[in-house]
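J.: Below is one structure. I have some questions about it.
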Amino acid sequence: RPTAFFEHHGRRHGDMFFVRLQGLATGKMVVVSEPTLIEEVFKGDPDDLRAGEAARTTIEPIGGPNSLLVLDAPKHLEDRRLMLPPFHGERMRSYADIMAEETDRSLASWPVGTPFPLRPRMADITLDVIMRAVFGLERDDRYHELRRALVAMVANDRAVSTALMVPALRRDAGPWRGWQAFQTAIARADALIYDEIARRRTAPDLDAREDILSMLLVARRRDGTTMTDRELRDELVTMLLAGHETTATGLAWTFELLFRHPEAMARLRSELATGDDAYLDAVVYEALRVRPVIPFVVRVLKRPMELGGRLLPAGVTVVPAIHLVHRRPDLYPEPAAFRPERFLGRKPGTYEWLPFGGGMRRCLGASFAQFEMAVVVRRILAQAELEPVSIEKVNLPKWWSLVTCIKE
């Protein structure tokens, strides 16, 4: 429960506090939540503040050694430049039709008058967007085979998720069994990804294609080299990890917040009907502020660094706490309240709104994700009337009801 943990200790200890987590890859951590301190971290020398090294333990087993998430400078910056063009400007907006089509396709299968969980539906949409916009596939047997393999690869149970955080638990025995099955799922997905890369390399229309895989195949580094099959595989999986479950979670929270604030929902519908997207953009900004999908980011300190008047030793993990920044009353009056109007006519400060991280490590697909969230919300509200269902009306396990009651 990282958000509750951060809130408790943020109230008790202020803008910077030390945490020791035995057995976890992050180890000794210094949590910071003041924007000027976070600016120092994000602007620090990337050789001294290693984001890739901090993420390697949890990301590399699935994303691979060439994942943008585990690379550090200068390789990170070089590959980031190579991958940046498809995620901005007209290239990004060209995927709007795919996003709308996949939203409509999903909507057509939603039950009417019967309760259903929303987040899995959002995940279906975001995965199909990735299948088409990133992998460049249309629905055929290969599309569905790869889709099933990717779902199996990322659908980790709690034991595997815990083992990703605690390397000592990576074994196929005892209460943490399942690691070998996880490896098998990765191998199955990899075989299909490599097959698709090989097919695409020989496609006669490769230069004319607009999907991200095809663009990466023809992209060249400054020295004239192209990405290897392994590099392509790792970046494709990274885009899946960074853009599928995360965006789906952001969308599900956006609707949950709108359900709990009917006045915001009514205003959003009204303004969308006039063709004005300003309030929609503000809703997305505010939802990502109140419920950031990633509550913190990490940097491993390789050399001593003075931060906030304290000298931090090498070896600690510096943790900019996104959730705490977003809940600062000096930045956002009544910070727990959902008020999209905060962002009407203004953009948030660079170090005050951080759902995608910041600095040179800011999420490559941030603009893509916000754009996709806006497209999906607009299409759903134009075609469906949704309302929340009380927990008593849904046949869920007793433990779920218990957790819900505790949270409420």
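Each chain in the structure tokens gets a letter, A, B, ..., in the order shown, and its residues are numbered from 1; ligands are numbered from 1 in order too.
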Compile the contact shell of Met16 of chain A as a PyMOL selection string: residues with an atom at most 10 Å away, counting only C-alpha atoms, same-chain residues fewer than 2 positions apart removed.

T.: chain A and resi 9-10+13-14+18+30-34+37+307-308+310+318-321

J.: Atoms to include: N, CA and C atoms. Write the selected residues as a PDB file, in the first residue's frame.

T.:
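Here's the written file out12.pdb:
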```pdb
ATOM      1  N   HIS A   9       3.873   8.719   6.416  1.00  0.00           N
ATOM      2  CA  HIS A   9       5.212   9.196   6.771  1.00  0.00           C
ATOM      3  C   HIS A   9       5.468  10.608   6.253  1.00  0.00           C
ATOM      4  N   GLY A  10       4.780  10.997   5.179  1.00  0.00           N
ATOM      5  CA  GLY A  10       4.893  12.382   4.736  1.00  0.00           C
ATOM      6  C   GLY A  10       4.339  13.341   5.773  1.00  0.00           C
ATOM      7  N   HIS A  13       6.970  13.114   8.790  1.00  0.00           N
ATOM      8  CA  HIS A  13       8.385  13.482   8.635  1.00  0.00           C
ATOM      9  C   HIS A  13       8.634  14.618   7.651  1.00  0.00           C
ATOM     10  N   GLY A  14       7.615  15.039   6.889  1.00  0.00           N
ATOM     11  CA  GLY A  14       7.825  16.181   6.011  1.00  0.00           C
ATOM     12  C   GLY A  14       8.245  15.823   4.600  1.00  0.00           C
ATOM     13  N   PHE A  18      13.741   9.054   5.311  1.00  0.00           N
ATOM     14  CA  PHE A  18      14.537   7.869   4.996  1.00  0.00           C
ATOM     15  C   PHE A  18      13.748   6.596   5.300  1.00  0.00           C
ATOM     16  N   VAL A  30      15.512   7.308   0.124  1.00  0.00           N
ATOM     17  CA  VAL A  30      15.223   8.650   0.604  1.00  0.00           C
ATOM     18  C   VAL A  30      14.064   9.184  -0.230  1.00  0.00           C
ATOM     19  N   VAL A  31      12.924   9.375   0.406  1.00  0.00           N
ATOM     20  CA  VAL A  31      11.706   9.807  -0.269  1.00  0.00           C
ATOM     21  C   VAL A  31      11.627  11.328  -0.225  1.00  0.00           C
ATOM     22  N   VAL A  32      11.396  11.949  -1.391  1.00  0.00           N
ATOM     23  CA  VAL A  32      11.288  13.408  -1.467  1.00  0.00           C
ATOM     24  C   VAL A  32       9.972  13.783  -2.143  1.00  0.00           C
ATOM     25  N   SER A  33       9.357  14.880  -1.671  1.00  0.00           N
ATOM     26  CA  SER A  33       8.050  15.263  -2.198  1.00  0.00           C
ATOM     27  C   SER A  33       7.897  16.761  -2.413  1.00  0.00           C
ATOM     28  N   GLU A  34       8.999  17.507  -2.343  1.00  0.00           N
ATOM     29  CA  GLU A  34       8.935  18.954  -2.545  1.00  0.00           C
ATOM     30  C   GLU A  34       9.427  19.257  -3.954  1.00  0.00           C
ATOM     31  N   LEU A  37      13.114  20.095  -4.666  1.00  0.00           N
ATOM     32  CA  LEU A  37      13.996  18.948  -4.437  1.00  0.00           C
ATOM     33  C   LEU A  37      13.905  17.962  -5.597  1.00  0.00           C
ATOM     34  N   LEU A 307      21.255  17.260  -1.004  1.00  0.00           N
ATOM     35  CA  LEU A 307      19.870  17.481  -1.415  1.00  0.00           C
ATOM     36  C   LEU A 307      19.093  18.013  -0.215  1.00  0.00           C
ATOM     37  N   GLY A 308      18.515  19.179  -0.370  1.00  0.00           N
ATOM     38  CA  GLY A 308      17.742  19.759   0.717  1.00  0.00           C
ATOM     39  C   GLY A 308      18.559  20.013   1.968  1.00  0.00           C
ATOM     40  N   ARG A 310      20.979  18.221   3.054  1.00  0.00           N
ATOM     41  CA  ARG A 310      21.501  16.976   3.632  1.00  0.00           C
ATOM     42  C   ARG A 310      22.408  16.285   2.623  1.00  0.00           C
ATOM     43  N   VAL A 318      17.033   7.338  -4.357  1.00  0.00           N
ATOM     44  CA  VAL A 318      16.255   8.561  -4.184  1.00  0.00           C
ATOM     45  C   VAL A 318      14.901   8.354  -4.851  1.00  0.00           C
ATOM     46  N   VAL A 319      13.832   8.653  -4.106  1.00  0.00           N
ATOM     47  CA  VAL A 319      12.474   8.335  -4.556  1.00  0.00           C
ATOM     48  C   VAL A 319      11.619   9.597  -4.619  1.00  0.00           C
ATOM     49  N   PRO A 320      11.492  10.237  -5.788  1.00  0.00           N
ATOM     50  CA  PRO A 320      10.504  11.304  -5.945  1.00  0.00           C
ATOM     51  C   PRO A 320       9.092  10.717  -5.827  1.00  0.00           C
ATOM     52  N   ALA A 321       8.370  11.148  -4.801  1.00  0.00           N
ATOM     53  CA  ALA A 321       7.055  10.565  -4.498  1.00  0.00           C
ATOM     54  C   ALA A 321       5.968  11.334  -5.234  1.00  0.00           C
TER      55      ALA A 321
END
```

J.: Let's see if you can do this: from backbone DSSP, list all helix (DSSP H, G or I) residues in segment 60-271 of chain A, as an mmCIF file with C-alpha atoms, in the first residue's frame.

T.:
```cif
data_model
loop_
_atom_site.group_PDB
_atom_site.id
_atom_site.type_symbol
_atom_site.label_atom_id
_atom_site.label_comp_id
_atom_site.auth_asym_id
_atom_site.auth_seq_id
_atom_site.Cartn_x
_atom_site.Cartn_y
_atom_site.Cartn_z
ATOM 1 C CA GLU A 60 14.630 -6.689 -16.976
ATOM 2 C CA PRO A 61 13.172 -10.186 -16.378
ATOM 3 C CA ILE A 62 10.306 -9.317 -18.722
ATOM 4 C CA GLY A 63 11.415 -6.184 -20.606
ATOM 5 C CA LYS A 75 22.609 4.419 -24.360
ATOM 6 C CA HIS A 76 19.266 5.512 -22.931
ATOM 7 C CA LEU A 77 19.396 8.929 -24.577
ATOM 8 C CA GLU A 78 20.528 7.458 -27.899
ATOM 9 C CA ASP A 79 17.672 4.939 -28.051
ATOM 10 C CA ARG A 80 15.172 7.473 -26.741
ATOM 11 C CA ARG A 81 15.937 9.772 -29.674
ATOM 12 C CA LEU A 82 15.420 6.826 -32.007
ATOM 13 C CA MET A 83 12.002 6.002 -30.558
ATOM 14 C CA PRO A 85 9.191 10.484 -33.421
ATOM 15 C CA PRO A 86 6.154 8.121 -33.469
ATOM 16 C CA PHE A 87 4.913 9.473 -30.130
ATOM 17 C CA GLY A 89 2.797 15.512 -33.359
ATOM 18 C CA GLU A 90 0.917 14.315 -36.398
ATOM 19 C CA ARG A 91 2.408 10.829 -36.129
ATOM 20 C CA MET A 92 0.721 10.343 -32.763
ATOM 21 C CA ARG A 93 -2.584 11.902 -33.824
ATOM 22 C CA ALA A 96 -6.824 8.469 -33.328
ATOM 23 C CA ASP A 97 -8.889 6.366 -35.736
ATOM 24 C CA ILE A 98 -7.432 3.152 -34.320
ATOM 25 C CA MET A 99 -8.211 4.280 -30.772
ATOM 26 C CA ALA A 100 -11.788 5.186 -31.709
ATOM 27 C CA GLU A 101 -12.342 1.947 -33.642
ATOM 28 C CA GLU A 102 -11.105 -0.230 -30.809
ATOM 29 C CA THR A 103 -13.238 1.655 -28.288
ATOM 30 C CA ASP A 104 -16.314 1.171 -30.476
ATOM 31 C CA ARG A 105 -15.497 -2.512 -30.962
ATOM 32 C CA SER A 106 -15.255 -3.054 -27.225
ATOM 33 C CA LEU A 107 -18.420 -1.060 -26.522
ATOM 34 C CA LEU A 118 -14.846 -1.654 -16.122
ATOM 35 C CA ARG A 119 -11.083 -1.963 -15.859
ATOM 36 C CA PRO A 120 -10.801 -5.237 -17.864
ATOM 37 C CA ARG A 121 -12.784 -3.562 -20.646
ATOM 38 C CA MET A 122 -10.357 -0.652 -20.609
ATOM 39 C CA ALA A 123 -7.457 -3.117 -20.746
ATOM 40 C CA ASP A 124 -8.984 -4.794 -23.812
ATOM 41 C CA ILE A 125 -9.122 -1.423 -25.567
ATOM 42 C CA THR A 126 -5.572 -0.378 -24.711
ATOM 43 C CA LEU A 127 -4.148 -3.780 -25.668
ATOM 44 C CA ASP A 128 -5.872 -3.754 -29.055
ATOM 45 C CA VAL A 129 -4.589 -0.227 -29.672
ATOM 46 C CA ILE A 130 -1.065 -1.509 -29.019
ATOM 47 C CA MET A 131 -1.604 -4.530 -31.254
ATOM 48 C CA ARG A 132 -2.490 -2.261 -34.155
ATOM 49 C CA ALA A 133 -0.596 0.994 -33.541
ATOM 50 C CA VAL A 134 2.598 -0.534 -32.146
ATOM 51 C CA ASP A 141 -4.916 -15.736 -36.732
ATOM 52 C CA ARG A 142 -1.455 -14.275 -36.001
ATOM 53 C CA TYR A 143 -3.020 -11.237 -34.336
ATOM 54 C CA HIS A 144 -5.073 -13.358 -31.948
ATOM 55 C CA GLU A 145 -2.238 -15.810 -31.242
ATOM 56 C CA LEU A 146 0.172 -13.019 -30.319
ATOM 57 C CA ARG A 147 -2.501 -11.207 -28.328
ATOM 58 C CA ARG A 148 -3.148 -14.294 -26.198
ATOM 59 C CA ALA A 149 0.583 -14.773 -25.629
ATOM 60 C CA LEU A 150 1.070 -11.155 -24.560
ATOM 61 C CA VAL A 151 -1.850 -11.355 -22.134
ATOM 62 C CA ALA A 152 -0.368 -14.518 -20.600
ATOM 63 C CA MET A 153 3.037 -12.846 -20.291
ATOM 64 C CA VAL A 154 1.809 -9.791 -18.363
ATOM 65 C CA ARG A 158 0.747 -12.086 -6.804
ATOM 66 C CA ALA A 159 3.568 -14.575 -6.252
ATOM 67 C CA VAL A 160 5.324 -13.671 -9.516
ATOM 68 C CA SER A 161 4.772 -9.962 -8.920
ATOM 69 C CA THR A 162 6.362 -10.290 -5.490
ATOM 70 C CA ALA A 163 9.275 -12.282 -6.931
ATOM 71 C CA LEU A 164 9.927 -9.475 -9.400
ATOM 72 C CA MET A 165 10.466 -7.197 -6.392
ATOM 73 C CA PRO A 167 14.835 -11.731 -6.473
ATOM 74 C CA ALA A 168 15.419 -14.333 -3.742
ATOM 75 C CA LEU A 169 11.871 -15.609 -4.302
ATOM 76 C CA GLY A 174 6.954 -23.301 -2.120
ATOM 77 C CA PRO A 175 4.379 -20.514 -1.866
ATOM 78 C CA TRP A 176 6.127 -18.568 -4.665
ATOM 79 C CA TRP A 179 8.271 -18.527 -11.770
ATOM 80 C CA GLN A 180 8.978 -21.251 -14.329
ATOM 81 C CA ALA A 181 5.501 -20.864 -15.815
ATOM 82 C CA PHE A 182 6.171 -17.134 -16.059
ATOM 83 C CA GLN A 183 9.397 -17.837 -17.960
ATOM 84 C CA THR A 184 7.546 -20.202 -20.285
ATOM 85 C CA ALA A 185 4.935 -17.529 -21.051
ATOM 86 C CA ILE A 186 7.710 -15.052 -21.899
ATOM 87 C CA ALA A 187 9.401 -17.570 -24.191
ATOM 88 C CA ARG A 188 6.131 -18.228 -26.040
ATOM 89 C CA ALA A 189 5.487 -14.516 -26.564
ATOM 90 C CA ASP A 190 9.101 -13.940 -27.616
ATOM 91 C CA ALA A 191 8.903 -16.595 -30.343
ATOM 92 C CA LEU A 192 5.867 -14.899 -31.852
ATOM 93 C CA ILE A 193 7.394 -11.413 -31.562
ATOM 94 C CA TYR A 194 10.603 -12.492 -33.284
ATOM 95 C CA ASP A 195 8.567 -14.155 -36.028
ATOM 96 C CA GLU A 196 6.649 -10.922 -36.604
ATOM 97 C CA ILE A 197 9.888 -8.901 -36.711
ATOM 98 C CA ALA A 198 11.296 -11.276 -39.335
ATOM 99 C CA ARG A 199 8.116 -11.035 -41.421
ATOM 100 C CA ARG A 200 8.075 -7.264 -41.213
ATOM 101 C CA ARG A 201 11.697 -6.881 -42.276
ATOM 102 C CA LEU A 206 7.769 -1.430 -44.980
ATOM 103 C CA ASP A 207 8.779 2.147 -45.791
ATOM 104 C CA ALA A 208 5.162 3.235 -46.211
ATOM 105 C CA ILE A 212 5.656 1.895 -34.622
ATOM 106 C CA LEU A 213 7.364 -1.475 -35.239
ATOM 107 C CA SER A 214 7.786 -0.648 -38.937
ATOM 108 C CA MET A 215 9.113 2.830 -38.167
ATOM 109 C CA LEU A 216 11.638 1.418 -35.708
ATOM 110 C CA LEU A 217 12.806 -1.103 -38.292
ATOM 111 C CA VAL A 218 13.806 1.661 -40.701
ATOM 112 C CA ASP A 229 15.983 -8.069 -33.364
ATOM 113 C CA ARG A 230 16.649 -8.333 -29.630
ATOM 114 C CA GLU A 231 16.563 -4.563 -29.196
ATOM 115 C CA LEU A 232 13.291 -4.388 -31.128
ATOM 116 C CA ARG A 233 11.797 -7.194 -29.054
ATOM 117 C CA ASP A 234 12.745 -5.493 -25.791
ATOM 118 C CA GLU A 235 11.337 -2.123 -26.839
ATOM 119 C CA LEU A 236 8.098 -3.660 -28.123
ATOM 120 C CA VAL A 237 7.588 -5.410 -24.785
ATOM 121 C CA THR A 238 8.509 -2.188 -22.976
ATOM 122 C CA MET A 239 5.814 -0.304 -24.901
ATOM 123 C CA LEU A 240 3.371 -3.028 -23.916
ATOM 124 C CA LEU A 241 4.365 -2.764 -20.240
ATOM 125 C CA ALA A 242 4.314 1.037 -20.224
ATOM 126 C CA GLY A 243 1.221 1.614 -22.337
ATOM 127 C CA GLU A 245 -2.124 -1.806 -18.086
ATOM 128 C CA THR A 246 -1.085 1.707 -17.083
ATOM 129 C CA THR A 247 -3.395 3.526 -19.504
ATOM 130 C CA ALA A 248 -6.208 1.085 -18.751
ATOM 131 C CA THR A 249 -5.838 1.797 -15.032
ATOM 132 C CA GLY A 250 -5.843 5.538 -15.683
ATOM 133 C CA LEU A 251 -9.036 5.231 -17.722
ATOM 134 C CA ALA A 252 -10.788 3.105 -15.101
ATOM 135 C CA TRP A 253 -9.928 5.610 -12.358
ATOM 136 C CA THR A 254 -11.120 8.481 -14.564
ATOM 137 C CA PHE A 255 -14.579 6.951 -14.855
ATOM 138 C CA GLU A 256 -14.635 6.048 -11.156
ATOM 139 C CA LEU A 257 -13.924 9.671 -10.275
ATOM 140 C CA LEU A 258 -16.573 10.922 -12.697
ATOM 141 C CA PHE A 259 -19.112 8.498 -11.197
ATOM 142 C CA ARG A 260 -18.400 9.886 -7.721
ATOM 143 C CA PRO A 262 -21.892 13.635 -11.094
ATOM 144 C CA GLU A 263 -21.593 17.404 -11.494
ATOM 145 C CA ALA A 264 -18.253 16.903 -13.253
ATOM 146 C CA MET A 265 -19.742 14.159 -15.408
ATOM 147 C CA ALA A 266 -22.665 16.411 -16.380
ATOM 148 C CA ARG A 267 -20.368 19.287 -17.280
ATOM 149 C CA LEU A 268 -18.131 17.003 -19.306
ATOM 150 C CA ARG A 269 -21.060 15.641 -21.325
ATOM 151 C CA SER A 270 -22.400 19.156 -21.880
ATOM 152 C CA GLU A 271 -19.113 20.567 -23.122
#
```

J.: For Leu364 of chain A, which residue among A:Asp47, A:Leu84, A:Glu7, A:Leu311 is the nearest when counting only C-alpha atoms?

T.: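 Selected residue with least distance to Leu364 of chain A: A:Leu84.
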
J.: What is the distance between atom CA of Ala54 of chain A and atom CA of Arg20 of chain A, in Å to one decimal?

T.: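 Spanning atom CA of Ala54 of chain A to atom CA of Arg20 of chain A is a straight-line distance of 15.2 Å.
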
J.: Can you list every residue in segment 202-391 of chain A that DSSP puts in strand (DSSP E or B), as a ChimeraX atom specification?

T.: /A:299-301,305-307,310-312,317-320

J.: As a VMD selection string, please: the residues near Tyr351 of chain A (cut-off 7 Å, only C-alpha atoms, same-chain neighbours under 5 positions excluded).

T.: chain A and resid 35 38 to 39
